[in-house]
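The file structure_16.cif comes next; it holds mmCIF, C-alpha atoms.
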data_structure
loop_
_atom_site.group_PDB
_atom_site.id
_atom_site.type_symbol
_atom_site.label_atom_id
_atom_site.label_comp_id
_atom_site.auth_asym_id
_atom_site.auth_seq_id
_atom_site.Cartn_x
_atom_site.Cartn_y
_atom_site.Cartn_z
ATOM 1 C CA MET A 1 130.486 88.855 68.771
ATOM 2 C CA LEU A 2 128.422 88.503 65.599
ATOM 3 C CA LYS A 3 129.591 84.913 65.353
ATOM 4 C CA LYS A 4 127.931 84.195 68.706
ATOM 5 C CA LEU A 5 124.696 85.867 67.630
ATOM 6 C CA PHE A 6 124.404 83.951 64.383
ATOM 7 C CA SER A 7 125.922 80.618 65.365
ATOM 8 C CA LYS A 8 123.837 77.455 65.486
ATOM 9 C CA LYS A 9 121.740 76.936 68.569
ATOM 10 C CA GLU A 10 123.182 74.364 70.915
ATOM 11 C CA ASP A 11 121.441 71.028 70.876
ATOM 12 C CA LEU A 12 119.496 70.201 73.998
ATOM 13 C CA LYS A 13 121.012 67.556 76.191
ATOM 14 C CA GLU A 14 118.992 64.587 77.335
ATOM 15 C CA ASN A 15 116.341 65.560 79.927
ATOM 16 C CA GLU A 16 116.715 69.280 79.083
ATOM 17 C CA VAL A 17 113.792 71.422 78.034
ATOM 18 C CA ARG A 18 113.903 74.813 76.344
ATOM 19 C CA VAL A 19 111.321 77.095 77.924
ATOM 20 C CA VAL A 20 110.118 80.351 76.403
ATOM 21 C CA ILE A 21 108.705 82.550 79.138
ATOM 22 C CA PRO A 22 105.694 84.413 77.777
ATOM 23 C CA GLU A 23 105.392 88.172 78.042
ATOM 24 C CA GLU A 24 103.023 89.004 80.883
ATOM 25 C CA GLU A 25 99.475 90.002 79.889
ATOM 26 C CA PHE A 26 97.238 91.302 82.656
ATOM 27 C CA GLY A 27 93.510 91.087 83.132
ATOM 28 C CA ILE A 28 91.367 92.294 86.031
ATOM 29 C CA LEU A 29 89.186 89.835 87.954
ATOM 30 C CA GLU A 30 86.550 90.983 90.446
ATOM 31 C CA TRP A 31 84.472 88.761 92.718
ATOM 32 C CA LYS A 32 83.060 88.585 96.231
ATOM 33 C CA GLU A 33 84.257 86.285 98.972
ATOM 34 C CA ASP A 34 82.605 86.271 102.414
ATOM 35 C CA ASP A 35 80.547 89.231 101.148
ATOM 36 C CA LEU A 36 83.713 91.331 100.682
ATOM 37 C CA PRO A 37 85.079 92.516 97.335
ATOM 38 C CA CYS A 38 88.167 90.837 95.943
ATOM 39 C CA ILE A 39 90.149 92.371 93.100
ATOM 40 C CA GLY A 40 92.737 90.338 91.251
ATOM 41 C CA VAL A 41 95.265 91.154 88.551
ATOM 42 C CA LEU A 42 95.909 87.923 86.647
ATOM 43 C CA ASN A 43 98.729 87.138 84.242
ATOM 44 C CA SER A 44 96.476 85.591 81.588
ATOM 45 C CA ALA A 45 99.480 84.732 79.375
ATOM 46 C CA LEU A 46 100.035 81.675 81.587
ATOM 47 C CA LYS A 47 96.696 80.061 80.754
ATOM 48 C CA ASP A 48 98.098 78.188 77.757
ATOM 49 C CA PHE A 49 101.730 78.181 78.889
ATOM 50 C CA GLU A 50 103.635 74.936 78.454
ATOM 51 C CA PRO A 51 105.506 73.102 79.871
ATOM 52 C CA LYS A 52 103.660 73.837 83.114
ATOM 53 C CA LYS A 53 105.469 71.050 84.980
ATOM 54 C CA ILE A 54 108.730 73.009 84.852
ATOM 55 C CA PHE A 55 107.183 75.594 87.209
ATOM 56 C CA SER A 56 105.561 73.006 89.464
ATOM 57 C CA TRP A 57 105.674 74.931 92.754
ATOM 58 C CA HIS A 58 102.841 77.254 93.818
ATOM 59 C CA LEU A 59 104.146 80.139 95.957
ATOM 60 C CA SER A 60 101.679 82.367 97.799
ATOM 61 C CA VAL A 61 102.743 85.445 99.785
ATOM 62 C CA ILE A 62 100.105 87.163 101.957
ATOM 63 C CA ILE A 63 100.801 90.673 103.218
ATOM 64 C CA ASP A 64 98.683 92.229 105.967
ATOM 65 C CA TYR A 65 97.545 95.799 105.348
ATOM 66 C CA GLU A 66 97.360 98.124 108.356
ATOM 67 C CA GLU A 67 95.302 101.118 107.159
ATOM 68 C CA LEU A 68 91.968 100.097 105.699
ATOM 69 C CA ILE A 69 89.031 101.958 104.268
ATOM 70 C CA GLU A 70 85.643 100.397 103.635
ATOM 71 C CA LYS A 71 85.067 96.693 102.988
ATOM 72 C CA GLY A 72 88.610 95.605 103.860
ATOM 73 C CA MET A 73 90.287 97.600 101.106
ATOM 74 C CA PRO A 74 93.563 99.456 101.749
ATOM 75 C CA SER A 75 93.765 103.244 101.847
ATOM 76 C CA GLN A 76 95.702 105.091 99.129
ATOM 77 C CA GLU A 77 98.467 105.778 101.651
ATOM 78 C CA GLU A 78 98.660 102.097 102.568
ATOM 79 C CA ARG A 79 98.915 101.101 98.923
ATOM 80 C CA GLY A 80 101.711 103.648 98.575
ATOM 81 C CA ILE A 81 103.633 101.719 101.240
ATOM 82 C CA VAL A 82 102.838 98.146 100.157
ATOM 83 C CA ASP A 83 102.791 98.415 96.343
ATOM 84 C CA PRO A 84 106.505 99.290 95.928
ATOM 85 C CA PHE A 85 107.427 96.353 98.163
ATOM 86 C CA CYS A 86 105.221 94.061 96.043
ATOM 87 C CA ASP A 87 106.791 95.333 92.813
ATOM 88 C CA GLN A 88 110.304 94.748 94.168
ATOM 89 C CA LEU A 89 109.384 91.321 95.527
ATOM 90 C CA ASP A 90 107.947 90.360 92.138
ATOM 91 C CA GLU A 91 111.192 91.281 90.387
ATOM 92 C CA GLU A 92 113.273 89.403 92.943
ATOM 93 C CA ILE A 93 111.175 86.211 92.918
ATOM 94 C CA LYS A 94 111.209 86.117 89.100
ATOM 95 C CA ALA A 95 114.963 86.858 88.869
ATOM 96 C CA GLY A 96 116.858 84.571 86.537
ATOM 97 C CA GLY A 97 113.636 83.080 85.183
ATOM 98 C CA ASN A 98 113.017 81.110 88.395
ATOM 99 C CA ALA A 99 109.339 82.050 88.649
ATOM 100 C CA LEU A 100 106.311 83.211 86.704
ATOM 101 C CA PHE A 101 103.948 85.792 88.192
ATOM 102 C CA LEU A 102 100.398 84.424 88.342
ATOM 103 C CA ILE A 103 98.117 86.798 90.266
ATOM 104 C CA ARG A 104 97.910 89.630 92.775
ATOM 105 C CA GLU A 105 94.732 89.769 94.894
ATOM 106 C CA THR A 106 93.444 92.381 97.317
ATOM 107 C CA TRP A 107 90.817 91.153 99.784
ATOM 108 C CA ASN A 108 89.823 91.565 103.421
ATOM 109 C CA GLY A 109 92.812 93.612 104.541
ATOM 110 C CA THR A 110 95.381 91.519 102.689
ATOM 111 C CA ARG A 111 97.411 91.493 99.510
ATOM 112 C CA ARG A 112 98.127 88.049 98.129
ATOM 113 C CA MET A 113 100.732 87.510 95.444
ATOM 114 C CA VAL A 114 101.155 84.170 93.692
ATOM 115 C CA TRP A 115 103.934 82.817 91.507
ATOM 116 C CA ARG A 116 104.662 79.535 89.804
ATOM 117 C CA VAL A 117 108.218 78.564 90.771
ATOM 118 C CA TYR A 118 110.880 76.390 89.158
ATOM 119 C CA ASP A 119 113.390 76.002 92.031
ATOM 120 C CA PRO A 120 111.618 76.310 95.399
ATOM 121 C CA GLU A 121 114.860 76.483 97.382
ATOM 122 C CA ILE A 122 115.855 79.767 95.721
ATOM 123 C CA ALA A 123 112.497 81.427 96.421
ATOM 124 C CA ASP A 124 112.367 80.041 99.963
ATOM 125 C CA ALA A 125 115.891 81.258 100.796
ATOM 126 C CA HIS A 126 115.106 84.722 99.452
ATOM 127 C CA LEU A 127 111.879 85.070 101.448
ATOM 128 C CA LYS A 128 113.604 83.828 104.612
ATOM 129 C CA TYR A 129 116.333 86.434 104.082
ATOM 130 C CA ILE A 130 113.737 89.213 103.787
ATOM 131 C CA LEU A 131 112.010 88.039 106.972
ATOM 132 C CA GLU A 132 115.216 87.526 108.983
ATOM 133 C CA HIS A 133 116.576 90.945 108.017
ATOM 134 C CA HIS A 134 113.237 92.788 108.453
ATOM 135 C CA ARG A 135 113.238 94.068 104.861
ATOM 136 C CA TYR A 136 109.484 94.492 104.568
ATOM 137 C CA PRO A 137 107.075 97.348 105.338
ATOM 138 C CA ARG A 138 104.225 95.153 106.603
ATOM 139 C CA GLN A 139 103.933 91.711 108.184
ATOM 140 C CA PHE A 140 103.695 88.855 105.704
ATOM 141 C CA ASP A 141 103.693 85.108 105.525
ATOM 142 C CA TYR A 142 104.189 82.688 102.674
ATOM 143 C CA HIS A 143 103.375 79.145 101.710
ATOM 144 C CA MET A 144 104.809 77.030 98.905
ATOM 145 C CA ALA A 145 103.563 73.632 97.791
ATOM 146 C CA GLN A 146 104.182 71.418 94.805
ATOM 147 C CA ASP A 147 101.321 71.507 92.320
ATOM 148 C CA MET A 148 102.455 69.661 89.182
ATOM 149 C CA GLU A 149 99.122 70.022 87.384
ATOM 150 C CA TRP A 150 98.573 73.695 88.344
ATOM 151 C CA GLU A 151 95.329 72.777 90.109
ATOM 152 C CA GLN A 152 95.651 75.797 92.417
ATOM 153 C CA ALA A 153 95.773 78.107 89.383
ATOM 154 C CA LYS A 154 92.873 76.477 87.520
ATOM 155 C CA TRP A 155 90.070 78.563 89.087
ATOM 156 C CA TYR A 156 91.734 81.804 87.988
ATOM 157 C CA PHE A 157 92.148 80.630 84.400
ATOM 158 C CA ASP A 158 88.538 79.441 84.326
ATOM 159 C CA GLN A 159 87.464 83.053 84.984
ATOM 160 C CA ILE A 160 89.053 84.314 81.754
ATOM 161 C CA LYS A 161 86.429 85.049 79.128
ATOM 162 C CA THR A 162 87.573 83.962 75.672
#
Target encoding structure tokens, full file:
Amino acid sequence: MLKKLFSKKEDLKENEVRVVIPEEEFGILEWKEDDLPCIGVLNSALKDFEPKKIFSWHLSVIIDYEELIEKGMPSQEERGIVDPFCDQLDEEIKAGGNALFLIRETWNGTRRMVWRVYDPEIADAHLKYILEHHRYPRQFDYHMAQDMEWEQAKWYFDQIKT
């Protein structure tokens, strides 16, 4: 066993890239959209992450809240229902290093979660399984599109004060 731990690292094969996934670091973003408050929790560790092109797919999941309080925000009880689902979904989407968590937003009766994804087929199959087997507490939809340059993430990173 020790031999495996201290042996030489394997050389990378042609067209292979070694990726070190950064530890998540969270920052709070607050803004208004359509005169309603939006609160985001951003993984700021991804701002300078490279190689971005490895995680070239932008996955957005939007969950509809049912119980709202003022200004489109969810009640405590509603968050108690949706938050555990979001935490589990985050773990599942990131499983095996297939995705990086980018941001979670709450706005206008919705929760939006965004990841940067390596293999879109894995994430797509998992989300379809959840939908087909009704393994969700609230209605949700998702969209995934290739975004090699991370243009869809740029606005969030521009909000980080350095």
Hits of the PyMOL selection byres ((chain A and resi 140-151) around 7) in this structure, as a ChimeraX atom specification: /A:53,56-64,138-139,152-154
Neighbouring residues of Thr106 of chain A were defined as those with any atom within 12 Å, considering only C-alpha atoms; residues of the same chain fewer than 6 positions away were excluded. Please report them as a tab-separated table (two decimals) with C-alpha atoms, in the coordinates of the input.
chain	number	residue	atom	x	y	z
A	28	ILE	CA	91.37	92.29	86.03
A	29	LEU	CA	89.19	89.84	87.95
A	30	GLU	CA	86.55	90.98	90.45
A	31	TRP	CA	84.47	88.76	92.72
A	32	LYS	CA	83.06	88.58	96.23
A	33	GLU	CA	84.26	86.28	98.97
A	36	LEU	CA	83.71	91.33	100.68
A	37	PRO	CA	85.08	92.52	97.34
A	38	CYS	CA	88.17	90.84	95.94
A	39	ILE	CA	90.15	92.37	93.10
A	40	GLY	CA	92.74	90.34	91.25
A	41	VAL	CA	95.26	91.15	88.55
A	42	LEU	CA	95.91	87.92	86.65
A	61	VAL	CA	102.74	85.44	99.78
A	62	ILE	CA	100.10	87.16	101.96
A	63	ILE	CA	100.80	90.67	103.22
A	64	ASP	CA	98.68	92.23	105.97
A	65	TYR	CA	97.54	95.80	105.35
A	68	LEU	CA	91.97	100.10	105.70
A	71	LYS	CA	85.07	96.69	102.99
A	72	GLY	CA	88.61	95.60	103.86
A	73	MET	CA	90.29	97.60	101.11
A	74	PRO	CA	93.56	99.46	101.75
A	75	SER	CA	93.76	103.24	101.85
A	79	ARG	CA	98.92	101.10	98.92
A	82	VAL	CA	102.84	98.15	100.16
A	83	ASP	CA	102.79	98.42	96.34
A	86	CYS	CA	105.22	94.06	96.04
A	112	ARG	CA	98.13	88.05	98.13
A	113	MET	CA	100.73	87.51	95.44
A	114	VAL	CA	101.16	84.17	93.69
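Between atom CA of Ala125 of chain A and atom CA of Phe157 of chain A the separation is 28.9 Å.
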Ile160 of chain A environment, 9 Å, all atoms listed in the file, sequence neighbours closer than 5 positions dropped, as a ChimeraX atom specification: /A:27,29,44,47
If we count all atoms listed in the file, what is near Leu100 of chain A at a cut-off of 9 Å, once residues fewer than 3 positions away on the same chain are taken out, given as an mmCIF file with C-alpha atoms, in the frame of the given file?
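Just written: selection_5.cif:
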data_model
loop_
_atom_site.group_PDB
_atom_site.id
_atom_site.type_symbol
_atom_site.label_atom_id
_atom_site.label_comp_id
_atom_site.auth_asym_id
_atom_site.auth_seq_id
_atom_site.Cartn_x
_atom_site.Cartn_y
_atom_site.Cartn_z
ATOM 1 C CA ILE A 21 108.705 82.550 79.138
ATOM 2 C CA GLU A 24 103.023 89.004 80.883
ATOM 3 C CA ASN A 43 98.729 87.138 84.242
ATOM 4 C CA LEU A 46 100.035 81.675 81.587
ATOM 5 C CA PHE A 55 107.183 75.594 87.209
ATOM 6 C CA ILE A 93 111.175 86.211 92.918
ATOM 7 C CA LYS A 94 111.209 86.117 89.100
ATOM 8 C CA GLY A 97 113.636 83.080 85.183
ATOM 9 C CA VAL A 114 101.155 84.170 93.692
ATOM 10 C CA TRP A 115 103.934 82.817 91.507
ATOM 11 C CA ARG A 116 104.662 79.535 89.804
ATOM 12 C CA VAL A 117 108.218 78.564 90.771
ATOM 13 C CA TYR A 118 110.880 76.390 89.158
#
Among listed residues A:Pro120, A:Gly109, A:Val17, A:Leu89, nearest Arg135 of chain A (using all atoms listed in the file): A:Leu89
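The spacing separating atom CA of Ala123 of chain A from atom CA of Ile81 of chain A amounts to 22.7 Å.
Between atom CA of Phe49 of chain A and atom CA of Pro22 of chain A lies a distance of 7.5 Å.
Nearest-residue note for Val20 of chain A: choosing from A:Gly96, A:Gly80, A:Pro51, A:Pro137, the minimum distance belongs to A:Pro51, counting all atoms listed in the file.
When all atoms listed in the file are used to compute distances to Val19 of chain A, the closest of the residues A:Lys161, A:Arg104, A:His126, A:Lys52 turns out to be A:Lys52.
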Missing atoms of segment 69-93 of chain A rebuilt to N, CA and C atoms, written as a short mmCIF file (atom, residue, chain, number, x, y, z; two decimals), in the coordinates of the input:
data_model
loop_
_atom_site.label_atom_id
_atom_site.label_comp_id
_atom_site.auth_asym_id
_atom_site.auth_seq_id
_atom_site.Cartn_x
_atom_site.Cartn_y
_atom_site.Cartn_z
N ILE A 69 90.23 101.15 104.43
CA ILE A 69 89.03 101.96 104.27
C ILE A 69 87.87 100.98 104.27
N GLU A 70 86.83 101.26 103.56
CA GLU A 70 85.64 100.40 103.64
C GLU A 70 85.85 99.03 102.98
N LYS A 71 85.13 98.07 103.50
CA LYS A 71 85.07 96.69 102.99
C LYS A 71 86.42 96.01 102.87
N GLY A 72 87.33 96.29 103.81
CA GLY A 72 88.61 95.60 103.86
C GLY A 72 89.63 96.03 102.83
N MET A 73 89.35 97.12 102.12
CA MET A 73 90.29 97.60 101.11
C MET A 73 91.30 98.57 101.73
N PRO A 74 92.53 98.58 101.19
CA PRO A 74 93.56 99.46 101.75
C PRO A 74 93.35 100.91 101.34
N SER A 75 93.81 101.82 102.19
CA SER A 75 93.76 103.24 101.85
C SER A 75 94.81 103.52 100.77
N GLN A 76 94.71 104.67 100.12
CA GLN A 76 95.70 105.09 99.13
C GLN A 76 97.09 105.14 99.75
N GLU A 77 97.18 105.68 100.96
CA GLU A 77 98.47 105.78 101.65
C GLU A 77 99.06 104.39 101.91
N GLU A 78 98.19 103.47 102.30
CA GLU A 78 98.66 102.10 102.57
C GLU A 78 99.17 101.44 101.29
N ARG A 79 98.46 101.65 100.20
CA ARG A 79 98.92 101.10 98.92
C ARG A 79 100.25 101.71 98.52
N GLY A 80 100.44 102.99 98.86
CA GLY A 80 101.71 103.65 98.58
C GLY A 80 102.88 103.04 99.33
N ILE A 81 102.60 102.40 100.44
CA ILE A 81 103.63 101.72 101.24
C ILE A 81 103.84 100.29 100.74
N VAL A 82 102.76 99.57 100.48
CA VAL A 82 102.84 98.15 100.16
C VAL A 82 103.15 97.89 98.68
N ASP A 83 102.60 98.68 97.77
CA ASP A 83 102.79 98.42 96.34
C ASP A 83 104.26 98.40 95.91
N PRO A 84 105.09 99.36 96.34
CA PRO A 84 106.50 99.29 95.93
C PRO A 84 107.21 98.03 96.43
N PHE A 85 106.86 97.60 97.64
CA PHE A 85 107.43 96.35 98.16
C PHE A 85 107.00 95.18 97.29
N CYS A 86 105.73 95.14 96.89
CA CYS A 86 105.22 94.06 96.04
C CYS A 86 105.92 94.06 94.69
N ASP A 87 106.11 95.25 94.11
CA ASP A 87 106.79 95.33 92.81
C ASP A 87 108.22 94.82 92.91
N GLN A 88 108.92 95.20 93.98
CA GLN A 88 110.30 94.75 94.17
C GLN A 88 110.35 93.24 94.41
N LEU A 89 109.44 92.75 95.24
CA LEU A 89 109.38 91.32 95.53
C LEU A 89 109.13 90.52 94.25
N ASP A 90 108.24 91.03 93.40
CA ASP A 90 107.95 90.36 92.14
C ASP A 90 109.21 90.24 91.28
N GLU A 91 109.95 91.32 91.16
CA GLU A 91 111.19 91.28 90.39
C GLU A 91 112.18 90.28 90.97
N GLU A 92 112.31 90.28 92.29
CA GLU A 92 113.27 89.40 92.94
C GLU A 92 112.89 87.93 92.83
N ILE A 93 111.62 87.61 93.00
CA ILE A 93 111.18 86.21 92.92
C ILE A 93 111.34 85.68 91.49
#
